[in-house]
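Pasting entry_27.txt here (compact mmCIF, C-alpha atoms):
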```txt
# COMPACT_ATOMS: atom_id res chain seq x y z
CA MET A 29 -20.54 -12.62 -184.50
CA THR A 30 -17.05 -11.97 -183.15
CA VAL A 31 -17.36 -8.28 -184.04
CA PHE A 32 -20.73 -8.11 -182.29
CA TYR A 33 -19.39 -9.62 -179.06
CA THR A 34 -16.39 -7.28 -179.21
CA ILE A 35 -18.69 -4.25 -179.41
CA ILE A 36 -20.81 -5.48 -176.50
CA ASP A 37 -17.69 -6.19 -174.42
CA ASN A 38 -16.25 -2.72 -175.04
CA PHE A 39 -19.62 -1.15 -174.29
CA PHE A 40 -19.72 -2.67 -170.80
CA LYS A 41 -16.05 -1.92 -170.16
CA LEU A 42 -16.76 1.77 -170.77
CA TRP A 43 -19.65 1.83 -168.28
CA TRP A 44 -18.00 4.68 -166.37
CA LEU A 45 -18.40 6.84 -169.50
CA TRP A 46 -22.10 6.37 -170.30
CA LEU A 47 -23.70 5.16 -167.06
CA PRO A 48 -23.36 8.37 -164.95
CA PRO A 49 -25.01 10.64 -167.57
CA PHE A 50 -27.77 8.07 -168.02
CA LEU A 51 -28.44 7.90 -164.27
CA ILE A 52 -28.40 11.70 -163.95
CA ALA A 53 -30.90 12.08 -166.80
CA LEU A 54 -33.10 9.37 -165.26
CA PHE A 55 -32.97 11.04 -161.85
CA VAL A 56 -33.93 14.44 -163.29
CA GLU A 57 -36.84 12.92 -165.19
CA LEU A 58 -38.16 11.10 -162.10
CA TRP A 59 -37.59 14.16 -159.91
CA VAL A 60 -39.60 16.43 -162.21
CA LYS A 61 -42.37 13.84 -162.43
CA TYR A 62 -42.46 13.61 -158.61
CA LEU A 63 -42.64 17.41 -158.25
CA LYS A 64 -45.45 17.68 -160.79
CA SER A 65 -47.41 14.91 -159.09
CA LYS A 66 -46.96 16.58 -155.72
CA ALA A 67 -48.02 19.98 -157.07
CA ALA A 68 -51.09 18.50 -158.79
CA LYS A 69 -52.21 16.78 -155.59
CA SER A 70 -51.94 20.06 -153.67
CA ILE A 71 -54.56 21.77 -155.87
CA VAL A 72 -57.87 22.31 -154.08
CA TRP A 73 -60.71 21.53 -156.49
CA LEU A 74 -64.34 22.65 -156.63
CA LEU A 75 -67.18 21.31 -158.73
CA LEU A 76 -69.62 23.93 -159.97
CA GLU A 77 -72.98 23.16 -161.52
CA VAL A 78 -74.31 25.56 -164.13
CA LYS A 79 -78.09 25.74 -164.50
CA ILE A 80 -78.80 27.47 -167.76
CA PRO A 81 -81.77 29.79 -168.43
CA ARG A 82 -84.79 28.48 -170.30
CA ILE A 83 -84.16 30.81 -173.22
CA ILE A 84 -80.67 31.15 -174.73
CA GLU A 85 -80.48 33.14 -177.93
CA LYS A 86 -76.70 33.37 -178.01
CA THR A 87 -74.65 31.25 -180.39
CA PRO A 88 -71.51 29.28 -179.42
CA LYS A 89 -69.63 32.55 -180.00
CA ALA A 90 -70.54 33.46 -176.41
CA MET A 91 -68.80 30.35 -175.11
CA GLU A 92 -65.77 31.22 -177.21
CA GLN A 93 -65.48 34.44 -175.21
CA VAL A 94 -65.70 32.45 -171.96
CA PHE A 95 -62.76 30.28 -172.98
CA ALA A 96 -60.84 33.37 -174.07
CA GLY A 97 -61.28 34.79 -170.58
CA LEU A 98 -60.17 31.55 -168.92
CA HIS A 99 -57.02 31.55 -171.04
CA GLY A 100 -55.83 34.30 -168.71
CA THR A 101 -54.95 31.60 -166.14
CA LEU A 102 -51.92 30.72 -168.25
CA THR A 103 -48.78 30.75 -166.12
CA SER A 104 -45.16 30.57 -167.21
CA VAL A 105 -43.21 27.67 -165.72
CA LYS A 106 -39.60 28.79 -165.43
CA PHE A 107 -36.46 26.79 -164.66
CA LEU A 108 -36.77 26.90 -160.86
CA ASP A 109 -40.52 26.34 -161.06
CA LYS A 110 -39.98 23.15 -163.03
CA TYR A 111 -36.92 21.64 -161.35
CA TRP A 112 -37.34 22.83 -157.75
CA LYS A 113 -40.80 24.13 -156.88
CA GLY A 114 -42.71 21.67 -159.03
CA LYS A 115 -45.11 24.26 -160.43
CA VAL A 116 -47.74 22.99 -162.88
CA GLN A 117 -50.23 24.65 -165.16
CA GLU A 118 -53.71 24.39 -163.62
CA TRP A 119 -56.49 23.02 -165.80
CA PHE A 120 -60.28 22.93 -165.95
CA SER A 121 -62.81 20.22 -166.66
CA PHE A 122 -66.00 21.21 -168.50
CA GLU A 123 -68.47 18.34 -168.32
CA ILE A 124 -71.79 17.27 -169.80
CA VAL A 125 -73.35 14.57 -167.63
CA GLY A 126 -76.49 12.48 -167.91
CA LEU A 127 -77.57 10.90 -164.62
CA GLY A 128 -80.52 8.61 -165.14
CA GLY A 129 -81.93 10.81 -167.90
CA GLU A 130 -81.31 14.12 -166.10
CA MET A 131 -78.84 16.39 -167.82
CA HIS A 132 -76.28 18.50 -165.94
CA PHE A 133 -73.51 20.91 -166.89
CA TYR A 134 -70.53 20.91 -164.52
CA ILE A 135 -67.23 22.78 -164.32
CA ARG A 136 -64.41 21.46 -162.16
CA THR A 137 -61.98 24.23 -161.33
CA PRO A 138 -59.19 25.03 -158.87
CA GLU A 139 -60.69 26.85 -155.90
CA LYS A 140 -58.72 30.03 -156.56
CA PHE A 141 -60.35 30.37 -160.00
CA LYS A 142 -63.94 30.00 -158.76
CA ASN A 143 -64.77 33.71 -159.05
CA LEU A 144 -63.08 33.95 -162.44
CA VAL A 145 -65.11 31.04 -163.83
CA SER A 146 -68.36 32.41 -162.42
CA SER A 147 -67.73 35.91 -163.75
CA GLN A 148 -66.88 34.62 -167.23
CA ILE A 149 -70.07 32.52 -167.38
CA HIS A 150 -72.26 35.35 -166.06
CA SER A 151 -70.71 37.83 -168.48
CA GLN A 152 -72.15 35.84 -171.39
CA TYR A 153 -75.10 34.12 -169.69
CA PRO A 154 -76.31 36.63 -167.04
CA GLU A 155 -79.33 34.54 -166.01
CA ALA A 156 -77.42 31.31 -165.45
CA GLU A 157 -77.20 29.98 -161.90
CA ILE A 158 -73.84 28.68 -160.68
CA SER A 159 -73.58 26.75 -157.44
CA GLU A 160 -71.00 24.57 -155.74
CA THR A 161 -72.02 20.93 -155.54
CA LEU A 162 -70.78 17.50 -154.49
CA ASP A 163 -68.82 15.48 -157.02
CA TYR A 164 -71.11 13.10 -158.89
CA ALA A 165 -68.07 11.10 -160.06
CA SER A 166 -67.38 9.75 -156.56
CA SER A 167 -70.76 8.01 -156.33
CA LEU A 168 -70.42 6.58 -159.84
CA ALA A 169 -66.87 5.35 -159.24
CA GLU A 170 -67.99 3.40 -156.18
CA LYS A 171 -70.32 1.28 -158.32
CA ILE A 172 -67.76 0.03 -160.82
CA PRO A 173 -66.39 -2.36 -161.68
CA SER A 174 -68.74 -4.76 -159.91
CA GLU A 175 -71.11 -7.65 -160.54
CA SER A 176 -74.03 -5.24 -160.87
CA TYR A 177 -72.58 -2.40 -162.94
CA GLU A 178 -70.57 -2.14 -166.15
CA ILE A 179 -68.56 0.67 -167.74
CA GLY A 180 -67.48 1.44 -171.27
CA GLY A 181 -65.58 4.45 -172.51
CA VAL A 182 -62.61 5.86 -174.33
CA GLU A 183 -60.47 8.97 -174.73
CA LEU A 184 -60.46 10.77 -178.07
CA ILE A 185 -57.48 11.95 -180.09
CA LEU A 186 -57.06 13.81 -183.37
CA ASP A 187 -56.55 11.92 -186.60
CA LYS A 188 -54.06 14.45 -188.04
CA ALA A 189 -51.53 16.95 -186.73
CA ASP A 190 -52.80 19.49 -184.21
CA PHE A 191 -52.58 22.45 -186.60
CA TYR A 192 -55.41 20.97 -188.69
CA PRO A 193 -58.74 22.22 -187.24
CA ILE A 194 -61.94 20.27 -186.76
CA ARG A 195 -65.24 21.46 -188.20
CA THR A 196 -66.35 24.42 -186.08
CA TYR A 197 -69.75 25.92 -185.29
CA VAL A 198 -69.55 28.50 -188.10
CA PRO A 199 -70.78 26.12 -190.89
CA PHE A 200 -73.64 24.98 -188.62
CA GLU A 201 -75.10 28.48 -188.42
CA GLU A 202 -77.71 29.84 -190.80
CA ARG A 203 -78.98 33.37 -191.20
CA GLN A 204 -82.52 32.36 -190.36
CA ALA A 205 -82.82 31.39 -186.69
CA GLU A 206 -85.33 28.65 -187.47
CA ARG A 207 -82.78 26.93 -189.74
CA ARG A 208 -79.90 27.13 -187.29
CA ILE A 209 -78.34 23.82 -186.32
CA ASP A 210 -76.87 23.35 -182.85
CA PRO A 211 -74.09 20.69 -182.86
CA ILE A 212 -74.60 20.05 -179.15
CA ALA A 213 -78.17 18.82 -179.76
CA SER A 214 -76.99 15.31 -180.70
CA PHE A 215 -75.37 14.79 -177.28
CA LEU A 216 -78.38 16.16 -175.43
CA GLU A 217 -80.78 13.90 -177.30
CA ILE A 218 -78.74 10.79 -176.42
CA ILE A 219 -78.56 11.76 -172.74
CA SER A 220 -82.27 12.64 -172.58
CA ASN A 221 -83.20 9.07 -173.58
CA LEU A 222 -81.22 7.37 -170.79
CA LYS A 223 -83.03 5.08 -168.37
CA PRO A 224 -82.96 5.69 -164.57
CA ASP A 225 -79.96 3.40 -164.00
CA GLU A 226 -77.93 4.64 -167.00
CA ASN A 227 -75.28 7.37 -166.81
CA ILE A 228 -73.13 9.12 -169.41
CA PHE A 229 -70.36 11.61 -168.78
CA ILE A 230 -68.31 13.66 -171.24
CA GLN A 231 -65.25 15.45 -169.86
CA TYR A 232 -63.37 18.21 -171.66
CA LEU A 233 -60.11 18.81 -169.79
CA LEU A 234 -58.55 22.13 -170.76
CA ALA A 235 -55.14 23.61 -169.92
CA PRO A 236 -54.18 26.96 -171.54
CA ILE A 237 -50.94 26.97 -173.53
CA SER A 238 -48.85 29.69 -175.14
CA GLU A 239 -47.44 29.91 -178.64
CA LYS A 240 -43.98 29.25 -177.19
CA GLU A 241 -44.93 25.87 -175.71
CA GLU A 242 -42.44 23.45 -177.26
CA LYS A 243 -44.74 20.92 -178.91
CA TRP A 244 -47.34 23.47 -180.01
CA LYS A 245 -44.55 25.71 -181.37
CA LYS A 246 -43.35 22.87 -183.60
CA ASP A 247 -46.91 22.13 -184.74
CA ARG A 248 -47.46 25.80 -185.56
CA GLU A 249 -44.25 25.90 -187.58
CA ALA A 250 -45.38 22.80 -189.47
CA GLY A 251 -48.74 24.47 -190.16
CA VAL A 252 -47.10 27.65 -191.44
CA ALA A 253 -44.77 25.56 -193.63
CA LEU A 254 -47.77 23.77 -195.15
CA ILE A 255 -49.52 27.07 -195.86
CA ASN A 256 -46.38 28.42 -197.54
CA LYS A 257 -46.11 25.26 -199.61
CA LEU A 258 -49.74 25.38 -200.76
CA THR A 259 -49.62 29.09 -201.59
CA GLY A 260 -46.16 28.97 -203.18
CA LYS A 261 -44.75 31.50 -200.77
CA LYS A 262 -40.98 31.47 -200.43
CA VAL A 263 -39.58 31.86 -196.95
CA GLU A 264 -36.23 33.53 -196.52
CA VAL A 265 -33.84 31.57 -194.32
CA LYS A 266 -30.90 33.22 -192.63
CA LYS A 267 -27.65 31.73 -193.91
CA GLY A 268 -24.01 31.89 -192.90
CA PHE A 269 -21.21 33.79 -194.66
CA LEU A 270 -19.81 30.84 -196.65
CA GLU A 271 -23.27 29.57 -197.52
CA SER A 272 -24.19 33.02 -198.86
CA ILE A 273 -21.05 33.09 -201.06
CA PHE A 274 -21.79 29.68 -202.59
CA GLU A 275 -25.45 30.63 -203.07
CA GLY A 276 -24.43 33.85 -204.86
CA LEU A 277 -22.05 31.93 -207.12
CA GLY A 278 -24.76 29.40 -207.94
CA GLU A 279 -27.26 32.16 -208.69
CA PHE A 280 -24.73 33.82 -211.03
CA LEU A 281 -24.13 30.59 -212.95
CA GLY A 282 -27.86 29.94 -213.11
CA ASN A 283 -28.56 33.37 -214.56
CA LEU A 284 -25.73 32.90 -217.09
CA LEU A 285 -27.11 29.56 -218.28
CA GLY A 286 -30.60 31.03 -218.37
CA ALA A 287 -29.44 33.86 -220.59
CA ILE A 288 -27.81 31.39 -222.96
CA ALA A 289 -30.95 29.27 -223.05
CA VAL A 290 -33.19 32.16 -224.10
CA TYR A 291 -30.81 33.42 -226.80
CA PRO A 292 -32.46 32.75 -230.23
CA GLU A 293 -29.56 30.72 -231.57
CA TRP A 294 -29.32 28.43 -228.54
CA GLY A 295 -32.84 27.67 -227.59
CA GLU A 296 -36.35 28.87 -226.91
CA LYS A 297 -37.54 30.64 -223.82
CA LYS A 298 -39.42 28.38 -221.45
CA GLU A 299 -42.53 29.55 -219.68
CA GLU A 300 -42.23 29.59 -215.92
CA THR A 301 -44.99 28.08 -213.85
CA LYS A 302 -45.16 28.95 -210.22
CA SER A 303 -47.60 27.65 -207.70
CA SER A 304 -49.49 30.46 -206.02
CA ALA A 305 -52.65 31.07 -204.05
CA ALA A 306 -54.44 31.88 -207.33
CA ASN A 307 -53.82 28.33 -208.57
CA LEU A 308 -55.30 26.71 -205.47
CA SER A 309 -58.54 24.79 -205.82
CA PRO A 310 -61.56 25.96 -203.77
CA GLY A 311 -60.92 23.10 -201.35
CA GLY A 312 -57.25 24.06 -201.03
CA LYS A 313 -58.18 27.65 -200.25
CA LEU A 314 -60.54 26.48 -197.51
CA VAL A 315 -57.78 24.35 -195.99
CA VAL A 316 -55.35 27.29 -195.94
CA GLU A 317 -57.97 29.61 -194.42
CA ALA A 318 -58.95 27.04 -191.79
CA ILE A 319 -55.36 26.43 -190.69
CA GLU A 320 -54.64 30.16 -190.57
CA ASN A 321 -57.78 30.67 -188.47
CA LYS A 322 -56.76 27.96 -186.00
CA LEU A 323 -53.24 29.33 -185.58
CA SER A 324 -54.52 32.88 -185.06
CA LYS A 325 -56.62 32.16 -181.94
CA LEU A 326 -55.88 31.33 -178.31
CA ALA A 327 -55.37 27.63 -177.69
CA PHE A 328 -55.73 25.00 -174.98
CA ARG A 329 -54.20 21.59 -174.52
CA VAL A 330 -57.19 19.27 -174.42
CA CYS A 331 -58.22 15.80 -173.35
CA ILE A 332 -61.70 14.51 -174.23
CA ARG A 333 -62.98 11.53 -172.28
CA PHE A 334 -66.43 10.00 -172.25
CA GLY A 335 -67.89 6.99 -170.50
CA TYR A 336 -71.13 5.06 -170.13
CA ILE A 337 -72.01 3.46 -166.78
CA ALA A 338 -75.12 1.34 -166.32
CA GLY A 339 -76.48 -1.72 -164.60
CA LYS A 340 -75.42 -4.93 -166.34
CA ASN A 341 -79.03 -5.89 -166.97
CA ILE A 342 -79.64 -2.75 -169.06
CA PHE A 343 -76.12 -1.98 -170.31
CA ASN A 344 -76.48 -0.97 -173.97
CA LYS A 345 -73.35 -0.57 -176.11
CA THR A 346 -75.27 1.40 -178.71
CA ASN A 347 -75.13 4.40 -176.36
CA ILE A 348 -71.33 4.36 -176.67
CA ALA A 349 -71.62 4.13 -180.46
CA ALA A 350 -74.11 7.02 -180.39
CA ILE A 351 -71.66 9.31 -178.54
CA VAL A 352 -68.90 8.37 -181.01
CA GLY A 353 -71.29 9.16 -183.85
CA ALA A 354 -72.15 12.53 -182.31
CA PHE A 355 -68.46 13.49 -182.32
CA LYS A 356 -68.20 12.58 -186.00
CA GLN A 357 -70.24 15.65 -186.95
CA PHE A 358 -67.07 17.65 -186.26
CA ASN A 359 -64.97 15.53 -188.64
CA THR A 360 -63.89 16.51 -192.14
CA THR A 361 -61.88 14.48 -194.64
CA ASP A 362 -59.63 17.34 -195.74
CA LEU A 363 -58.97 18.81 -192.28
CA ASN A 364 -59.13 16.96 -188.95
CA ALA A 365 -61.24 14.36 -187.20
CA PHE A 366 -61.78 12.75 -183.80
CA LYS A 367 -61.01 9.10 -183.27
CA GLY A 368 -60.73 6.80 -180.27
CA ASN A 369 -57.42 6.17 -178.53
CA SER A 370 -57.31 2.37 -178.42
CA LYS A 371 -54.78 2.45 -175.57
CA ALA A 372 -56.90 4.67 -173.34
CA GLY A 373 -60.23 2.87 -173.40
CA THR A 374 -61.96 0.18 -171.37
CA THR A 375 -61.76 -2.59 -173.96
CA SER A 376 -58.82 -4.80 -174.87
CA ASP A 377 -57.69 -5.96 -178.30
CA GLN A 378 -56.43 -9.23 -176.85
CA PRO A 379 -57.53 -12.19 -179.04
CA ARG A 380 -60.56 -14.17 -177.94
CA ILE A 381 -58.54 -17.37 -177.87
CA ILE A 382 -57.19 -16.30 -174.49
CA PRO A 383 -60.37 -15.21 -172.68
CA PHE A 384 -58.80 -15.10 -169.21
CA ILE A 385 -56.02 -12.72 -170.28
CA LYS A 386 -58.50 -10.56 -172.20
CA GLU A 387 -60.81 -10.24 -169.20
CA ARG A 388 -57.91 -9.43 -166.90
CA ARG A 389 -56.55 -6.77 -169.26
CA GLU A 390 -59.99 -5.17 -169.56
CA TYR A 391 -60.40 -5.14 -165.78
CA ILE A 392 -57.05 -3.35 -165.35
CA ARG A 393 -57.95 -0.86 -168.09
CA LYS A 394 -61.31 -0.13 -166.45
CA ILE A 395 -59.63 0.55 -163.10
CA ALA A 396 -57.16 2.94 -164.76
CA PHE A 397 -59.95 4.61 -166.77
CA ILE A 398 -62.04 5.15 -163.62
CA ASP A 399 -59.02 6.70 -161.87
CA ARG A 400 -58.49 9.18 -164.72
CA PHE A 401 -62.24 9.92 -164.80
CA LEU A 402 -62.50 10.46 -161.04
CA ASN A 403 -59.37 12.62 -160.72
CA ARG A 404 -59.79 14.40 -164.08
CA LYS A 405 -56.34 13.44 -165.25
CA MET A 406 -55.07 14.48 -168.65
CA SER A 407 -54.65 11.97 -171.46
CA LYS A 408 -52.86 8.67 -171.03
CA ASN A 409 -49.43 8.46 -172.69
CA LYS A 410 -49.44 12.23 -173.33
CA LYS A 411 -51.99 11.87 -176.12
CA ASP A 412 -53.66 15.20 -175.39
CA PHE A 413 -53.95 17.62 -178.29
CA VAL A 414 -54.49 21.32 -179.06
CA LEU A 415 -57.79 23.04 -179.87
CA ASN A 416 -58.37 26.76 -180.12
CA ILE A 417 -61.23 28.62 -178.44
CA GLU A 418 -63.46 28.43 -181.52
CA GLU A 419 -63.13 24.65 -181.67
CA LEU A 420 -63.77 24.34 -177.93
CA ALA A 421 -66.90 26.49 -178.16
CA THR A 422 -68.12 24.15 -180.90
CA ILE A 423 -67.91 20.96 -178.84
CA TYR A 424 -68.93 22.52 -175.51
CA HIS A 425 -71.51 25.28 -175.17
CA TYR A 426 -74.94 25.75 -173.69
CA PRO A 427 -77.78 24.81 -176.04
CA ILE A 428 -79.52 27.61 -177.88
CA ILE A 429 -83.26 28.19 -177.90
CA ILE A 430 -83.97 25.69 -180.69
CA VAL A 431 -82.85 22.76 -178.49
CA ALA A 432 -85.75 21.69 -176.31
CA ALA A 433 -84.35 18.71 -174.41
CA PRO A 434 -86.73 18.28 -171.43
CA ALA A 435 -84.12 16.71 -169.14
CA ILE A 436 -81.82 19.78 -169.02
CA GLN A 437 -81.53 21.25 -165.53
CA ARG A 438 -82.57 24.85 -166.15
CA VAL A 439 -83.14 27.91 -163.99
CA GLY A 440 -86.65 27.67 -162.52
CA THR A 441 -87.62 31.34 -162.42
CA ARG A 442 -86.17 34.49 -163.84
CA LYS A 443 -84.40 36.68 -161.28
CA ALA A 444 -84.22 40.46 -161.23
CA GLU A 445 -82.41 43.05 -159.14
CA PRO A 446 -84.45 44.75 -156.36
CA PRO A 447 -85.48 48.40 -156.99
CA VAL A 448 -82.97 50.98 -155.82
CA ASP A 449 -85.58 52.78 -153.65
CA LEU A 450 -86.65 49.64 -151.75
CA PRO A 451 -86.74 50.51 -148.00
CA MET A 452 -84.39 48.44 -145.86
```
Any chance you could put this one into structure tokens?
Amino acid sequence: MTVFYTIIDNFFKLWWLWLPPFLIALFVELWVKYLKSKAAKSIVWLLLEVKIPRIIEKTPKAMEQVFAGLHGTLTSVKFLDKYWKGKVQEWFSFEIVGLGGEMHFYIRTPEKFKNLVSSQIHSQYPEAEISETLDYASSLAEKIPSESYEIGGVELILDKADFYPIRTYVPFEERQAERRIDPIASFLEIISNLKPDENIFIQYLLAPISEKEEKWKKDREAGVALINKLTGKKVEVKKGFLESIFEGLGEFLGNLLGAIAVYPEWGEKKEETKSSAANLSPGGKLVVEAIENKLSKLAFRVCIRFGYIAGKNIFNKTNIAAIVGAFKQFNTTDLNAFKGNSKAGTTSDQPRIIPFIKERREYIRKIAFIDRFLNRKMSKNKKDFVLNIEELATIYHYPIIIVAAPAIQRVGTRKAEPPVDLPM
């Protein structure tokens, strides 16, 4: 104990050595956070509603091209931008919303990207109607939490590292149109069965990122390392002068011992076994191909949030379970899967033996959840993750012709351009 107290005493006596750097680092961290918050609040937002045509024959591949176009909003945040101007990467919110059984598709975008979003949608869905509308979230947020309304929801995270992909739309497709499966149909069916006082929202918050982004760069390197390990590929690492000398000496000794071992009088030659792509199982090959495919495409940093708001007299928790189940169709055991973030939901894991504390914790969580829902904030505790444009098109696209949900807000009549010789 005497040694322990001596260490503590010396630690406090040397405060002048460690305290200033600590305070400087703390100040920089708070300053950057303040600048980012200020920059985010200065963004002017618009909510666009997309009314889709009655007949859509395009697959989710069309939506993949939309996300590829929106990736062009990627901006580089340099040193002065980060530590003085407070520049942030703008993001989008693609939303599927059920309001009393009526289904809507919304896109929340910075005002300066309105034309870009509209042009990207129209380039793939020419007959879609896009209009600016009031924010539905404001009216829903005013109702909760209260004695009359209840809310339940959670944010999703990935089960494995970001370089593992989820199941994409490609396996859902069949050559015959009548056998094609649309993964979005499960969500639409749940929303179509809502009662007048029930509401469900699903938010996909997307911010484009580059390959050089620090966290994604590390994840990509980990993915490449896994591929090299599975395929038996050796990666050359640059080494220093002394390290090269010792490696050369070791290689010489190894070759000498190897020659002795294969000499008839000293021993028998051993067969070498090397792991290679040819030795991979069919499942292993699919894993390698899937990871390579994810790393090869443009990517976004993503937050997925969904919630269920209804009157307390009709609040049905099975609707929450149904949405969770719909997301499970994108899960695979050998690749990646969605799961709920227990720290970013509306429920509390506090034991039942303290009901007052549990209720209070849940109330605070609901208030925080509503704030993130209303302001379209990214994940709590930086739990957002990376999906590429193929994965995004899988979980958010406009339903193809085989999905006949009656509650979808569609374009009423087909529009056409006026004839060129029409007199003015």
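Using only C-alpha atoms, the nearest neighbour of A:Leu58 within the list A:Trp244, A:Phe328, A:Tyr111, A:Phe191 is A:Tyr111.
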Q. Using all atoms listed in the file, which residues sit within 10 Å of A:Ala354 once same-chain residues fewer than 6 positions away are excluded, as JSON, numbers by chain?
A. {"A": [211, 212, 213, 214, 215, 216, 218, 348]}
Neighbours of A:Trp112 within 12 Å (only C-alpha atoms; same-chain residues fewer than 2 positions away dropped), as an mmCIF file with C-alpha atoms, in the coordinates of the input?
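Contents of the output file selection-v3.cif:
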```cif
data_model
loop_
_atom_site.group_PDB
_atom_site.id
_atom_site.type_symbol
_atom_site.label_atom_id
_atom_site.label_comp_id
_atom_site.auth_asym_id
_atom_site.auth_seq_id
_atom_site.Cartn_x
_atom_site.Cartn_y
_atom_site.Cartn_z
ATOM 1 C CA VAL A 56 -33.930 14.440 -163.290
ATOM 2 C CA TRP A 59 -37.590 14.160 -159.910
ATOM 3 C CA VAL A 60 -39.600 16.430 -162.210
ATOM 4 C CA LYS A 61 -42.370 13.840 -162.430
ATOM 5 C CA TYR A 62 -42.460 13.610 -158.610
ATOM 6 C CA LEU A 63 -42.640 17.410 -158.250
ATOM 7 C CA LYS A 64 -45.450 17.680 -160.790
ATOM 8 C CA LYS A 66 -46.960 16.580 -155.720
ATOM 9 C CA ALA A 67 -48.020 19.980 -157.070
ATOM 10 C CA VAL A 105 -43.210 27.670 -165.720
ATOM 11 C CA LYS A 106 -39.600 28.790 -165.430
ATOM 12 C CA PHE A 107 -36.460 26.790 -164.660
ATOM 13 C CA LEU A 108 -36.770 26.900 -160.860
ATOM 14 C CA ASP A 109 -40.520 26.340 -161.060
ATOM 15 C CA LYS A 110 -39.980 23.150 -163.030
ATOM 16 C CA GLY A 114 -42.710 21.670 -159.030
ATOM 17 C CA LYS A 115 -45.110 24.260 -160.430
ATOM 18 C CA VAL A 116 -47.740 22.990 -162.880
#
```
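In this structure, atom CA of A:Gly353 sits 26.7 Å away from atom CA of A:Gly312.
Using all atoms listed in the file, the shortest contact distance between A:His132 and any of A:Ala349, A:Leu184, A:Ala156, A:Val78 is found at A:Val78.
Between atom CA of A:Leu363 and atom CA of A:Pro88 the interatomic distance comes to 20.8 Å.
Among the candidates A:Asn359, A:Ser167, A:Ser70, A:Thr375, the one nearest to A:Lys345 when counting all atoms listed in the file is A:Thr375.
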Stretch 38-144 of chain A residues near stretch 392-414 of chain A within 12 Å, closest pair each, using only C-alpha atoms, as CSV:
```
residue,atom,partner,partner_atom,distance
A:Ser65,CA,A:Lys405,CA,10.9
A:Ala68,CA,A:Lys405,CA,9.7
A:Lys69,CA,A:Asn403,CA,9.7
A:Ile71,CA,A:Asn403,CA,11.4
A:Val72,CA,A:Asn403,CA,11.8
A:Trp73,CA,A:Asn403,CA,10.0
A:Leu74,CA,A:Asn403,CA,11.9
A:Leu75,CA,A:Arg404,CA,11.4
A:Gln117,CA,A:Met406,CA,11.8
A:Glu118,CA,A:Met406,CA,11.2
A:Trp119,CA,A:Met406,CA,9.1
A:Phe120,CA,A:Arg404,CA,8.7
A:Ser121,CA,A:Arg404,CA,7.0
A:Phe122,CA,A:Arg404,CA,10.2
A:Glu123,CA,A:Arg404,CA,10.4
A:Ile135,CA,A:Arg404,CA,11.2
A:Arg136,CA,A:Arg404,CA,8.7
A:Thr137,CA,A:Arg404,CA,10.4
A:Pro138,CA,A:Arg404,CA,11.9
```
Q | Option closest in space to A:Leu144, from A:Ile124, A:Val182, A:Ala189, A:Ala96 [counting only C-alpha atoms] | A | A:Ala96
Q) Any idea what's packed within 12 Å of A:Glu226, counting all atoms listed in the file, ignoring anything in its chain fewer than 2 positions away? Could you give it as an NGL selection string? A) :A and (125-131 or 168 or 177-180 or 218-224 or 228-229 or 335-345 or 347-348)
Q: Measure the distance from atom CA of A:Val94 to atom CA of A:Leu420 in Å and round it to one decimal.
A: 10.3 Å
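Each of A:Arg329, A:Lys386, A:Lys188, A:Lys41 was checked against A:Lys243 using all atoms listed in the file; the smallest atom-to-atom distance is that of A:Arg329.
You can rank A:Gln357, A:Asn227, A:Thr101, A:Ser238 by their closest distance to A:Ala169 using only C-alpha atoms, and at the top of that list sits A:Asn227.
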Q.
If we count all atoms listed in the file and set the cut-off at 6 Å, which residues sit around A:Arg333, ignoring sequence neighbours fewer than 3 positions away in its own chain? Please answer as a VMD selection string.
A. chain A and resid 183 230 to 231
Q | Shell of 12 Å around A:Asn416, all atoms listed in the file, local chain residues under 2 positions omitted, as a ChimeraX atom specification | A | /A:92-93,95-96,99,190-196,234-239,244,318-330,413-414,418-423
